[in-house]
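**Student:** Just coords29.txt, nothing more (compact mmCIF, C-alpha atoms):
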```txt
# COMPACT_ATOMS: atom_id res chain seq x y z
CA MET A 1 0.00 0.00 0.00
CA ARG A 2 2.22 2.78 -1.23
CA THR A 3 -0.16 5.17 -2.92
CA LEU A 4 -3.33 6.88 -1.80
CA ALA A 5 -5.20 5.03 -4.54
CA GLU A 6 -4.10 1.74 -2.99
CA VAL A 7 -5.21 2.84 0.46
CA SER A 8 -8.54 3.94 -0.97
CA ARG A 9 -9.11 0.69 -2.83
CA ALA A 10 -8.11 -1.35 0.23
CA LEU A 11 -10.77 0.53 2.20
CA SER A 12 -13.36 -0.36 -0.45
CA ASN A 13 -12.38 -4.01 -0.55
CA VAL A 14 -12.58 -4.20 3.22
CA GLU A 15 -15.92 -2.42 3.34
CA ASN A 16 -17.35 -4.63 0.60
CA ARG A 17 -15.82 -7.77 2.10
CA LYS A 18 -14.37 -8.56 -1.27
CA SER A 19 -12.88 -12.04 -1.46
CA GLY A 20 -9.44 -12.09 0.07
CA TYR A 21 -10.16 -9.19 2.39
CA ILE A 22 -9.36 -11.19 5.52
CA ASP A 23 -5.89 -12.07 4.22
CA LEU A 24 -5.34 -8.45 3.21
CA LEU A 25 -6.30 -7.25 6.69
CA ASP A 26 -4.14 -9.92 8.29
CA SER A 27 -1.01 -8.67 6.53
CA LEU A 28 -1.92 -5.02 7.10
CA TYR A 29 -2.59 -5.55 10.80
CA LYS A 30 0.86 -6.99 11.35
CA LYS A 31 2.44 -4.02 9.58
CA GLY A 32 0.34 -1.44 11.39
CA LYS A 33 1.70 1.18 13.75
CA PRO A 34 -0.17 2.46 16.79
CA ALA A 35 -2.68 5.22 16.13
CA LYS A 36 -4.88 7.31 18.36
CA VAL A 37 -8.49 6.48 17.57
CA ILE A 38 -10.92 9.19 18.59
CA GLY A 39 -14.69 8.86 18.30
CA ILE A 40 -16.74 12.01 17.83
CA THR A 41 -20.46 11.58 18.31
CA GLY A 42 -23.54 13.64 19.05
CA SER A 43 -26.94 14.58 17.66
CA PRO A 44 -27.35 15.85 14.08
CA GLY A 45 -26.48 19.52 13.75
CA VAL A 46 -24.40 19.96 16.90
CA GLY A 47 -21.31 20.70 14.82
CA LYS A 48 -19.45 17.38 14.69
CA SER A 49 -18.15 17.77 11.15
CA THR A 50 -17.12 21.39 11.70
CA LEU A 51 -15.35 20.36 14.88
CA VAL A 52 -13.55 17.55 13.07
CA ASP A 53 -12.44 20.09 10.45
CA SER A 54 -11.03 22.34 13.17
CA LEU A 55 -9.31 19.39 14.78
CA ILE A 56 -7.78 18.40 11.42
CA LYS A 57 -6.39 21.93 11.02
CA VAL A 58 -4.70 21.82 14.43
CA LEU A 59 -3.27 18.34 13.81
CA VAL A 60 -1.96 19.24 10.36
CA GLN A 61 -0.25 22.32 11.81
CA LYS A 62 1.54 19.96 14.19
CA GLY A 63 2.66 17.84 11.25
CA LYS A 64 0.44 14.87 12.04
CA LYS A 65 -1.12 12.48 9.55
CA VAL A 66 -4.88 12.33 10.07
CA ALA A 67 -7.51 9.94 8.77
CA VAL A 68 -11.21 10.59 9.16
CA ILE A 69 -13.98 8.03 8.88
CA ALA A 70 -17.24 9.95 8.56
CA VAL A 71 -20.27 7.74 9.02
CA ASP A 72 -23.77 8.68 7.85
CA PRO A 73 -26.89 6.51 7.74
CA SER A 74 -28.06 4.42 4.77
CA SER A 75 -31.74 4.53 3.89
CA PRO A 76 -33.41 1.32 5.07
CA PHE A 77 -35.76 1.62 2.07
CA SER A 78 -33.51 2.28 -0.92
CA GLY A 79 -30.15 1.27 0.53
CA GLY A 80 -28.81 4.58 -0.73
CA ALA A 81 -27.22 7.30 1.34
CA ILE A 82 -26.28 10.94 1.27
CA LEU A 83 -22.83 11.34 2.77
CA GLY A 84 -22.48 15.01 3.50
CA ASP A 85 -19.81 15.38 6.13
CA ARG A 86 -17.21 16.60 3.67
CA ILE A 87 -19.21 19.78 3.07
CA ARG A 88 -17.80 21.17 6.33
CA MET A 89 -14.32 19.76 5.90
CA ASN A 90 -12.17 22.21 3.98
CA THR A 91 -8.63 21.50 5.03
CA SER A 92 -6.66 20.55 1.95
CA SER A 93 -3.53 18.69 2.88
CA ASP A 94 -1.69 15.64 1.68
CA ASP A 95 -1.55 14.49 5.28
CA VAL A 96 -5.34 14.19 5.56
CA PHE A 97 -7.45 11.32 4.25
CA ILE A 98 -11.21 11.57 4.64
CA ARG A 99 -13.47 8.64 3.87
CA SER A 100 -17.26 8.76 4.01
CA VAL A 101 -18.98 5.55 5.06
CA ALA A 102 -22.65 4.59 4.91
CA THR A 103 -24.05 2.39 7.68
CA ARG A 104 -25.44 -0.09 5.10
CA GLY A 105 -28.03 -1.34 7.57
CA ALA A 106 -26.49 -4.72 8.36
CA VAL A 107 -26.44 -5.66 12.02
CA GLY A 108 -22.93 -5.09 13.23
CA GLY A 109 -22.03 -4.00 9.70
CA ILE A 110 -20.72 -0.61 10.61
CA SER A 111 -18.82 -1.96 13.53
CA ASP A 112 -17.07 -4.55 11.40
CA ALA A 113 -16.28 -2.09 8.61
CA VAL A 114 -14.99 0.66 10.88
CA PHE A 115 -12.79 -1.65 12.93
CA ASN A 116 -11.23 -3.02 9.76
CA MET A 117 -10.89 0.37 8.08
CA ILE A 118 -8.92 1.59 11.09
CA VAL A 119 -6.55 -1.34 10.50
CA VAL A 120 -6.01 -0.10 6.93
CA PHE A 121 -5.33 3.48 8.08
CA ARG A 122 -2.87 2.32 10.72
CA ALA A 123 -0.95 0.31 8.16
CA ALA A 124 -0.85 3.42 5.94
CA GLY A 125 0.84 5.38 8.71
CA TYR A 126 -1.97 7.62 9.95
CA GLU A 127 -1.28 8.71 13.51
CA TYR A 128 -4.77 9.91 14.36
CA VAL A 129 -7.97 8.26 13.17
CA ILE A 130 -11.08 10.31 13.87
CA VAL A 131 -14.37 8.45 13.57
CA GLU A 132 -17.41 10.67 13.32
CA THR A 133 -20.86 9.14 13.79
CA VAL A 134 -24.29 10.42 14.56
CA GLY A 135 -25.33 9.70 18.13
CA VAL A 136 -26.98 6.37 18.63
CA GLY A 137 -29.10 4.85 21.34
CA GLN A 138 -28.07 2.31 23.88
CA ASN A 139 -28.93 -0.73 21.81
CA GLU A 140 -26.91 0.17 18.76
CA ILE A 141 -23.31 -0.75 18.22
CA SER A 142 -21.84 2.47 19.37
CA ILE A 143 -18.65 4.11 18.31
CA SER A 144 -17.48 4.10 21.92
CA LYS A 145 -16.82 0.38 21.55
CA LEU A 146 -14.34 1.01 18.74
CA SER A 147 -12.47 4.16 19.75
CA ASP A 148 -9.89 4.70 22.48
CA ILE A 149 -11.55 7.94 23.53
CA THR A 150 -15.07 9.05 22.71
CA ALA A 151 -16.01 12.70 22.68
CA LEU A 152 -19.69 13.55 22.94
CA VAL A 153 -20.60 16.86 21.31
CA LEU A 154 -23.44 18.84 22.84
CA ASN A 155 -24.87 22.32 22.40
CA PRO A 156 -26.09 24.77 25.00
CA SER A 157 -29.77 24.16 25.63
CA SER A 158 -29.37 20.45 24.74
CA GLY A 159 -31.72 19.69 27.61
CA ASP A 160 -31.99 19.72 31.35
CA ASP A 161 -30.68 17.44 34.05
CA ILE A 162 -33.26 14.78 33.30
CA GLN A 163 -31.71 14.36 29.82
CA MET A 164 -28.40 13.74 31.58
CA MET A 165 -29.95 11.00 33.66
CA LYS A 166 -31.39 9.16 30.68
CA ALA A 167 -29.44 6.06 29.90
CA GLY A 168 -27.70 5.76 26.58
CA ILE A 169 -25.87 8.35 24.61
CA MET A 170 -24.62 10.39 27.56
CA GLU A 171 -22.90 7.38 29.02
CA VAL A 172 -20.61 6.85 26.03
CA GLY A 173 -18.65 10.04 26.55
CA ASP A 174 -15.12 10.14 27.91
CA ILE A 175 -14.98 13.81 26.97
CA PHE A 176 -17.95 16.17 26.86
CA ILE A 177 -17.69 19.01 24.36
CA ILE A 178 -20.03 21.95 24.60
CA ASN A 179 -19.85 23.26 21.06
CA LYS A 180 -21.40 26.54 19.83
CA SER A 181 -20.28 27.82 23.21
CA ASP A 182 -21.04 31.39 22.21
CA LEU A 183 -24.74 30.62 22.64
CA ALA A 184 -26.65 31.21 25.84
CA GLY A 185 -26.96 28.42 28.37
CA VAL A 186 -23.33 27.21 28.45
CA ASP A 187 -22.87 27.62 32.18
CA GLU A 188 -26.07 25.73 32.93
CA LEU A 189 -25.16 22.82 30.63
CA GLU A 190 -21.66 22.57 32.05
CA ALA A 191 -23.08 22.52 35.57
CA TYR A 192 -25.58 19.80 34.60
CA ILE A 193 -22.87 17.61 33.05
CA LYS A 194 -20.51 18.02 35.99
CA ALA A 195 -23.28 17.24 38.46
CA SER A 196 -24.38 14.16 36.52
CA PHE A 197 -20.91 12.81 35.78
CA PRO A 198 -18.67 14.00 38.60
CA GLU A 199 -15.97 11.49 37.57
CA HIS A 200 -15.70 13.31 34.23
CA SER A 201 -15.73 16.84 35.58
CA SER A 202 -12.23 17.57 34.30
CA GLN A 203 -13.21 16.38 30.84
CA VAL A 204 -15.82 18.99 30.02
CA LEU A 205 -14.71 21.47 27.35
CA ARG A 206 -16.15 24.45 25.57
CA THR A 207 -15.52 24.90 21.86
CA ASN A 208 -16.58 27.05 18.99
CA ALA A 209 -15.83 24.78 16.05
CA ARG A 210 -16.38 27.50 13.47
CA THR A 211 -13.76 29.86 14.91
CA GLY A 212 -11.58 27.07 16.26
CA LYS A 213 -11.82 28.35 19.82
CA GLY A 214 -11.12 25.62 22.36
CA VAL A 215 -10.02 23.08 19.77
CA LYS A 216 -6.34 23.20 20.77
CA ASP A 217 -7.45 22.51 24.34
CA LEU A 218 -9.45 19.55 23.08
CA LEU A 219 -6.40 18.06 21.38
CA ALA A 220 -4.28 18.74 24.46
CA LEU A 221 -6.85 16.93 26.61
CA ILE A 222 -6.94 13.95 24.24
CA ASP A 223 -3.14 13.69 24.17
CA SER A 224 -2.92 14.05 27.94
CA ILE A 225 -5.34 11.16 28.46
CA TYR A 226 -3.02 8.97 26.38
CA GLU A 227 -0.08 10.16 28.50
CA THR A 228 -1.57 9.92 31.97
CA GLU A 229 -4.02 7.03 31.67
CA LYS A 230 -1.90 4.47 29.86
CA GLN A 231 -3.47 1.52 31.64
CA LYS A 232 -7.00 2.69 30.86
CA ILE A 233 -6.11 3.11 27.17
CA LYS A 234 -4.52 -0.33 27.13
CA ASP A 235 -7.60 -1.91 28.71
CA LYS A 236 -9.73 -0.09 26.15
CA SER A 237 -7.60 -1.44 23.30
CA LYS A 238 -8.29 -4.95 24.51
CA GLN A 239 -12.03 -4.26 24.61
CA ILE A 240 -11.87 -2.86 21.09
CA LEU A 241 -10.06 -5.95 19.84
CA LYS A 242 -12.66 -8.17 21.46
CA GLU A 243 -15.42 -6.19 19.80
CA GLY A 244 -13.69 -6.42 16.42
CA LEU A 245 -13.16 -10.13 16.82
CA ARG A 246 -16.76 -10.58 17.89
CA THR A 247 -18.12 -8.94 14.75
CA LEU A 248 -15.73 -10.92 12.55
CA LEU A 249 -16.87 -14.15 14.16
CA LEU A 250 -20.54 -13.19 13.96
CA HIS A 251 -20.17 -12.48 10.27
CA GLU A 252 -18.49 -15.84 9.64
CA ALA A 253 -21.07 -17.60 11.79
CA SER A 254 -23.99 -16.09 9.92
CA LYS A 255 -22.40 -17.12 6.62
CA ARG A 256 -22.14 -20.69 7.89
CA VAL A 257 -25.72 -20.68 9.15
CA GLU A 258 -26.89 -19.58 5.69
CA ALA A 259 -24.90 -22.38 4.09
CA MET A 260 -26.26 -24.86 6.64
CA ILE A 261 -29.86 -23.85 5.95
CA SER A 262 -29.48 -24.11 2.19
CA ASP A 263 -27.38 -27.30 2.08
CA ALA A 264 -28.58 -29.36 5.02
CA ASP A 265 -30.99 -32.21 4.62
CA ILE A 266 -33.56 -30.74 6.96
CA LYS A 267 -36.30 -33.15 8.00
CA LEU A 268 -39.11 -30.82 7.03
CA ASP A 269 -41.73 -33.54 6.43
CA GLU A 270 -41.07 -35.09 9.81
CA ILE A 271 -41.31 -31.69 11.46
CA ILE A 272 -44.68 -31.09 9.79
CA GLU A 273 -45.89 -34.46 11.07
CA ALA A 274 -44.55 -33.53 14.50
CA LYS A 275 -42.34 -36.63 14.59
CA THR A 276 -39.57 -34.22 15.33
CA SER A 277 -39.52 -30.50 16.02
CA PRO A 278 -37.61 -27.44 14.79
CA TYR A 279 -35.90 -27.46 18.18
CA GLU A 280 -34.69 -31.03 18.01
CA GLU A 281 -33.64 -30.37 14.41
CA MET A 282 -31.61 -27.36 15.48
CA LYS A 283 -29.77 -29.47 18.05
CA ARG A 284 -29.13 -32.17 15.42
CA LEU A 285 -27.73 -29.65 12.90
CA LEU A 286 -25.53 -28.05 15.53
CA SER A 287 -24.15 -31.42 16.60
CA GLU A 288 -23.09 -32.07 12.99
CA VAL A 289 -21.01 -28.91 12.80
CA MET B 1 -21.29 -9.15 -1.15
CA GLY B 2 -20.99 -6.84 -4.18
CA GLY B 3 -19.76 -3.31 -3.87
CA LYS B 4 -22.17 -0.41 -3.84
CA ILE B 5 -21.94 2.21 -6.53
CA ARG B 6 -20.56 5.40 -5.02
CA VAL B 7 -21.16 8.77 -6.65
CA LEU B 8 -19.41 12.07 -5.97
CA ILE B 9 -21.65 15.05 -6.70
CA ALA B 10 -19.34 18.01 -7.08
CA LYS B 11 -19.64 21.76 -7.41
CA PRO B 12 -16.52 23.14 -9.09
CA GLY B 13 -15.61 26.79 -9.14
CA LEU B 14 -17.34 29.97 -8.08
CA ASP B 15 -20.98 29.00 -8.21
CA GLY B 16 -23.20 29.16 -5.15
CA HIS B 17 -26.26 27.48 -6.66
CA ASP B 18 -26.59 23.89 -5.53
CA ARG B 19 -30.33 23.23 -5.53
CA GLY B 20 -29.94 21.20 -8.72
CA ALA B 21 -26.99 19.23 -7.37
CA LYS B 22 -28.95 18.42 -4.22
CA VAL B 23 -32.03 17.32 -6.17
CA VAL B 24 -29.86 14.98 -8.26
CA ALA B 25 -28.05 13.71 -5.14
CA ARG B 26 -31.35 12.89 -3.54
CA ALA B 27 -32.68 11.09 -6.62
CA LEU B 28 -29.51 8.98 -6.72
CA ARG B 29 -29.83 8.18 -3.02
CA ASP B 30 -33.40 7.04 -3.64
CA ALA B 31 -32.11 4.87 -6.49
CA GLY B 32 -29.89 3.08 -3.95
CA TYR B 33 -26.54 4.74 -4.58
CA GLU B 34 -24.17 6.11 -1.96
CA VAL B 35 -23.82 9.79 -2.77
CA ILE B 36 -21.04 11.97 -1.42
CA TYR B 37 -21.58 15.69 -1.78
CA THR B 38 -18.54 17.96 -1.97
CA GLY B 39 -20.18 21.19 -0.91
CA LEU B 40 -19.73 24.45 -2.76
CA ARG B 41 -16.79 26.08 -4.52
CA ARG B 42 -14.31 23.25 -4.89
CA THR B 43 -11.25 23.41 -7.08
CA PRO B 44 -10.73 20.72 -9.74
CA HIS B 45 -7.79 19.47 -7.66
CA GLU B 46 -9.95 19.16 -4.53
CA ILE B 47 -12.62 17.28 -6.46
CA ALA B 48 -10.09 14.79 -7.82
CA ARG B 49 -8.64 14.30 -4.35
CA MET B 50 -12.10 13.60 -2.94
CA ALA B 51 -12.87 11.14 -5.74
CA LEU B 52 -9.60 9.40 -4.90
CA GLU B 53 -10.22 9.21 -1.15
CA GLU B 54 -13.82 8.09 -1.56
CA ASP B 55 -13.02 5.53 -4.30
CA VAL B 56 -16.11 6.57 -6.25
CA ASN B 57 -17.29 4.97 -9.46
CA VAL B 58 -18.89 8.14 -10.78
CA VAL B 59 -18.34 11.89 -10.56
CA GLY B 60 -21.25 14.21 -11.37
CA LEU B 61 -20.33 17.85 -11.95
CA SER B 62 -22.87 20.61 -11.54
CA LEU B 63 -22.28 24.12 -12.77
CA LEU B 64 -24.63 27.03 -13.40
CA SER B 65 -22.13 29.82 -13.79
CA GLY B 66 -21.24 29.36 -17.44
CA ALA B 67 -17.64 28.31 -16.80
CA HIS B 68 -18.26 24.65 -17.71
CA ASN B 69 -16.03 24.73 -20.79
CA GLU B 70 -13.11 25.66 -18.53
CA LEU B 71 -13.85 23.78 -15.34
CA PHE B 72 -15.23 20.45 -16.56
CA PRO B 73 -12.14 19.65 -18.67
CA ALA B 74 -9.97 20.87 -15.77
CA VAL B 75 -11.62 18.34 -13.45
CA ILE B 76 -11.13 15.58 -16.04
CA ALA B 77 -7.44 16.51 -16.26
CA GLU B 78 -7.05 16.37 -12.46
CA LEU B 79 -8.82 13.01 -12.30
CA LYS B 80 -6.40 11.65 -14.92
CA LYS B 81 -3.46 13.10 -13.00
CA ALA B 82 -4.70 11.27 -9.90
CA GLY B 83 -4.77 8.04 -11.92
CA LEU B 84 -8.57 7.77 -11.82
CA ASN B 85 -9.02 6.58 -15.37
CA ASP B 86 -11.97 4.27 -14.73
CA VAL B 87 -14.21 6.89 -13.12
CA VAL B 88 -17.26 7.83 -15.21
CA VAL B 89 -17.83 11.59 -15.33
CA PHE B 90 -21.06 13.33 -16.20
CA GLY B 91 -22.03 16.98 -16.07
CA GLY B 92 -25.16 19.02 -15.68
CA GLY B 93 -26.39 22.56 -15.35
CA VAL B 94 -27.14 25.54 -17.49
CA ILE B 95 -25.21 24.34 -20.51
CA PRO B 96 -26.02 25.48 -24.05
CA ASP B 97 -26.58 22.68 -26.57
CA ASP B 98 -23.69 24.06 -28.62
CA ASP B 99 -21.23 23.21 -25.85
CA VAL B 100 -22.30 19.59 -25.37
CA ASP B 101 -20.15 18.17 -28.17
CA PHE B 102 -17.03 19.89 -26.90
CA LEU B 103 -17.63 18.63 -23.33
CA LYS B 104 -18.18 15.07 -24.52
CA LYS B 105 -14.96 15.24 -26.53
CA SER B 106 -13.25 16.46 -23.36
CA GLY B 107 -14.15 13.24 -21.61
CA LEU B 108 -17.62 13.66 -20.13
CA ALA B 109 -19.73 10.57 -20.66
CA ALA B 110 -22.97 12.55 -20.58
CA VAL B 111 -24.19 16.12 -20.26
CA PHE B 112 -27.61 16.81 -18.79
CA THR B 113 -29.15 20.15 -19.68
CA PRO B 114 -32.08 21.90 -17.96
CA GLY B 115 -35.33 19.94 -18.05
CA THR B 116 -33.65 16.51 -17.98
CA PRO B 117 -35.93 14.09 -16.05
CA LEU B 118 -34.23 12.71 -12.92
CA GLN B 119 -34.91 9.19 -14.13
CA THR B 120 -32.65 9.86 -17.12
CA VAL B 121 -29.73 10.52 -14.76
CA VAL B 122 -30.53 7.43 -12.69
CA ASP B 123 -30.79 5.30 -15.85
CA PHE B 124 -27.50 6.68 -17.15
CA ILE B 125 -25.69 5.37 -14.07
CA LYS B 126 -27.60 2.11 -14.11
CA ASN B 127 -26.59 1.50 -17.72
CA ASN B 128 -23.05 2.81 -17.71
CA VAL B 129 -21.54 2.08 -14.31
CA LYS B 130 -20.75 -1.30 -12.83
CA PRO B 131 -19.91 -1.89 -9.17
CA ARG B 132 -16.32 -2.98 -8.60
```
Give the structure from this file in structure tokens form.
**Tutor:**
Amino acid sequence: MRTLAEVSRALSNVENRKSGYIDLLDSLYKKGKPAKVIGITGSPGVGKSTLVDSLIKVLVQKGKKVAVIAVDPSSPFSGGAILGDRIRMNTSSDDVFIRSVATRGAVGGISDAVFNMIVVFRAAGYEYVIVETVGVGQNEISISKLSDITALVLNPSSGDDIQMMKAGIMEVGDIFIINKSDLAGVDELEAYIKASFPEHSSQVLRTNARTGKGVKDLLALIDSIYETEKQKIKDKSKQILKEGLRTLLLHEASKRVEAMISDADIKLDEIIEAKTSPYEEMKRLLSEV
Amino acid sequence: MGGKIRVLIAKPGLDGHDRGAKVVARALRDAGYEVIYTGLRRTPHEIARMALEEDVNVVGLSLLSGAHNELFPAVIAELKKAGLNDVVVFGGGVIPDDDVDFLKKSGLAAVFTPGTPLQTVVDFIKNNVKPR
């Protein structure tokens, strides 16, 4: 993988699970260097993409190589998607690689693709990988399971203390970013967050993504977490690997189940006559694996 | 699992009118394609770079400023420079019929002028672009 075109095509092959992609990833993984993987999440319109653009600018100034995976939803009806995160990303630099990804609906699909795409970026020498996703509920595969540090982006007047108590999205944040901090209600939101998550009180930041205000502090905070909480980051890496492995296994398992269903000599007539049951049949098929 | 067709809808140059580009982007989304929108006022170099990073099969250029005879061939040249020889490029916008031949000779696979039904654009991709 020497050229950008090769990196780009590798990302496609991995995302499309083109035959041979596992072997490709295997060799890339072993060549990969460590990278800082940062998740940026939050509701639509809070300024995630603009914030990512500001963050890119600061990183490029420091001479870092940055990859961005910008995830937007696929339509469950047409399968199509509008991927519009690049509209706000204007930093032209050879050290930046931005890839838009559609969720493609499949259960665990995004998780699998993103985990593997990070492997590609690491092998290509990117030092920071920023994954931007729209906020998801508790039951979804959330980006917090795949990134070392997850930053939750909020706006002033995002809600009161009851919103903070609701399970789900608020719990994924390692860092809380109050973006559009020039708007009214910043002090109240910061107080709510600190009261609800006292253990994170030093990880609440104010930014104005459009002007870049506070973005250097954000990067400094991210880097300092890597410096001071090495054990926590290491534990997180293990969790991420488990999650990646889990989705790989689930994908292989579902392929095998499909093959089993189409190839197996299932005793359908006997099940209809209630001589056996779908349950007994399941046990029989499993025992033959 | 086959690859999805990915389309970059791009606005080159100094032209702030993107209603048409958005309408086309939406129609392509509804036809099942993954559509990446560049946003306004991109240089030909930026567009080629985005096409490279996104590994798109198709680039659709929209221009209503009248500079299509300059900018469309410039984008084609940048795409070639980036090694993207298998990307299908089409254009649309306020383009006089007299310019269509020149643009096609410059490397555009199709030029859609005002009044083109959306289905024509969708069918063009369906018939001319294969997933990788």
**Student:** Which neighbours of stretch 80-97 of chain B fall inside 7 Å, counting only C-alpha atoms, when residues of the same chain fewer than 4 positions from it are skipped, and could you give them as a PyMOL selection string?
**Tutor:** chain B and resi 48+57-64+76+108-114
**Student:** How about saving the chosen residues, C-alpha atoms kept, as a JSON list (two decimals), in the frame of the given file?
**Tutor:**
```json
[["chain", "number", "residue", "atom", "x", "y", "z"],
["B", 48, "ALA", "CA", -10.09, 14.79, -7.82],
["B", 57, "ASN", "CA", -17.29, 4.97, -9.46],
["B", 58, "VAL", "CA", -18.89, 8.14, -10.78],
["B", 59, "VAL", "CA", -18.34, 11.89, -10.56],
["B", 60, "GLY", "CA", -21.25, 14.21, -11.37],
["B", 61, "LEU", "CA", -20.33, 17.85, -11.95],
["B", 62, "SER", "CA", -22.87, 20.61, -11.54],
["B", 63, "LEU", "CA", -22.28, 24.12, -12.77],
["B", 64, "LEU", "CA", -24.63, 27.03, -13.40],
["B", 76, "ILE", "CA", -11.13, 15.58, -16.04],
["B", 108, "LEU", "CA", -17.62, 13.66, -20.13],
["B", 109, "ALA", "CA", -19.73, 10.57, -20.66],
["B", 110, "ALA", "CA", -22.97, 12.55, -20.58],
["B", 111, "VAL", "CA", -24.19, 16.12, -20.26],
["B", 112, "PHE", "CA", -27.61, 16.81, -18.79],
["B", 113, "THR", "CA", -29.15, 20.15, -19.68],
["B", 114, "PRO", "CA", -32.08, 21.90, -17.96]]
```
**Student:** Select all residues from chain B having any atom no more than 6 Å from an atom of chain A (counting all atoms listed in the file, ignoring ligands), output as a list in words.
**Tutor:**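 That gives Gly3, Arg29, Asp30, Gly32, Tyr33, Glu34, Val35, Ile36, Tyr37, Thr38, Gly39, Glu53, Glu54 and Asp55 of chain B for chain B.
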**Student:** Quick check, in Å to one decimal: how far apart do atom CA of A:Asp112 and atom CA of A:Ala35 lie?
**Tutor:**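 Value for the atom CA of A:Asp112-atom CA of A:Ala35 distance: 18.0 Å.
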**Student:** To one decimal in Å, tell me the separation between atom CA of A:Asp223 and atom CA of A:Glu127.
**Tutor:**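 Computed distance, atom CA of A:Asp223 to atom CA of A:Glu127, equals 11.9 Å.
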**Student:** List every protein, DNA or RNA residue that has at least one atom no more than 9 Å from (-14.2, 3.9, 20.7) in the file's coordinates, counting only C-alpha atoms, and write the result as a PyMOL selection string.
**Tutor:** chain A and resi 37-40+131+142-150+172+236-237+240
**Student:** State, in Å with one decimal place, the distance from atom CA of A:Lys30 to atom CA of A:Lys230.
**Tutor:**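 Interatomic distance here is 21.9 Å.
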**Student:** Counting only C-alpha atoms, write as a list in words all protein and nucleic acid residues lying at most 10 Å from (1.4, -0.3, 12.4) in the file's frame.
**Tutor:**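 The residues near that point, listed by chain and number, are Leu28, Tyr29, Lys30, Lys31, Gly32, Lys33, Pro34, Ala35, Val119, Val120, Phe121, Arg122, Ala123, Ala124, Gly125, Tyr126 and Glu127 of chain A.
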**Student:** I'd like the contact shell of A:Leu154 - 7 Å cut-off, only C-alpha atoms, skipping same-chain residues fewer than 3 positions apart - returned as a PyMOL selection string.
**Tutor:** chain A and resi 42+46+158+177-179
**Student:** Pull C-alpha atoms from the residues just selected and write them as a PDB file, keeping the file's coordinate frame.
**Tutor:**
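Ended up saving to result.pdb:
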```
ATOM      1  CA  GLY A  42     -23.540  13.640  19.050  1.00  0.00           C
ATOM      2  CA  VAL A  46     -24.400  19.960  16.900  1.00  0.00           C
ATOM      3  CA  SER A 158     -29.370  20.450  24.740  1.00  0.00           C
ATOM      4  CA  ILE A 177     -17.690  19.010  24.360  1.00  0.00           C
ATOM      5  CA  ILE A 178     -20.030  21.950  24.600  1.00  0.00           C
ATOM      6  CA  ASN A 179     -19.850  23.260  21.060  1.00  0.00           C
TER       7      ASN A 179
END
```
**Student:** Determine, counting only C-alpha atoms, which protein, DNA and RNA residues have an atom within 9 Å of an atom of B:Pro12; residues of the same chain fewer than 6 positions away are not included. Present the result as an NGL selection string.
**Tutor:** :B and (40-44 or 46-47 or 61-63 or 68 or 71-72 or 75)
**Student:** Have a look at B:Leu14, B:Leu79, B:Val7, B:Ala21 and name the one nearest to B:Arg49; count only C-alpha atoms.
**Tutor:**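 Among the listed residues, B:Leu79 lies closest to B:Arg49.
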**Student:** How would stretch 76-86 of chain A look with N, CA and C atoms restored, written as a short mmCIF file (atom, residue, chain, number, x, y, z; two decimals), in the coordinates of the input?
**Tutor:**
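Once written, rebuild.cif looks like this:
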```
data_model
loop_
_atom_site.label_atom_id
_atom_site.label_comp_id
_atom_site.auth_asym_id
_atom_site.auth_seq_id
_atom_site.Cartn_x
_atom_site.Cartn_y
_atom_site.Cartn_z
N PRO A 76 -32.98 2.71 4.97
CA PRO A 76 -33.41 1.32 5.07
C PRO A 76 -34.33 0.93 3.91
N PHE A 77 -34.82 1.92 3.16
CA PHE A 77 -35.76 1.62 2.07
C PHE A 77 -35.03 1.42 0.75
N SER A 78 -34.18 2.38 0.38
CA SER A 78 -33.51 2.28 -0.92
C SER A 78 -32.11 1.68 -0.81
N GLY A 79 -31.54 1.70 0.39
CA GLY A 79 -30.15 1.27 0.53
C GLY A 79 -29.16 2.37 0.16
N GLY A 80 -29.67 3.47 -0.37
CA GLY A 80 -28.81 4.58 -0.73
C GLY A 80 -28.49 5.46 0.47
N ALA A 81 -27.60 6.41 0.24
CA ALA A 81 -27.22 7.30 1.34
C ALA A 81 -26.73 8.62 0.79
N ILE A 82 -26.94 9.66 1.56
CA ILE A 82 -26.28 10.94 1.27
C ILE A 82 -25.19 11.10 2.32
N LEU A 83 -23.95 11.20 1.85
CA LEU A 83 -22.83 11.34 2.77
C LEU A 83 -22.34 12.77 2.66
N GLY A 84 -22.68 13.57 3.65
CA GLY A 84 -22.48 15.01 3.50
C GLY A 84 -21.52 15.63 4.48
N ASP A 85 -20.70 14.81 5.11
CA ASP A 85 -19.81 15.38 6.13
C ASP A 85 -18.67 16.20 5.54
N ARG A 86 -18.34 15.91 4.28
CA ARG A 86 -17.21 16.60 3.67
C ARG A 86 -17.52 18.07 3.42
#
```
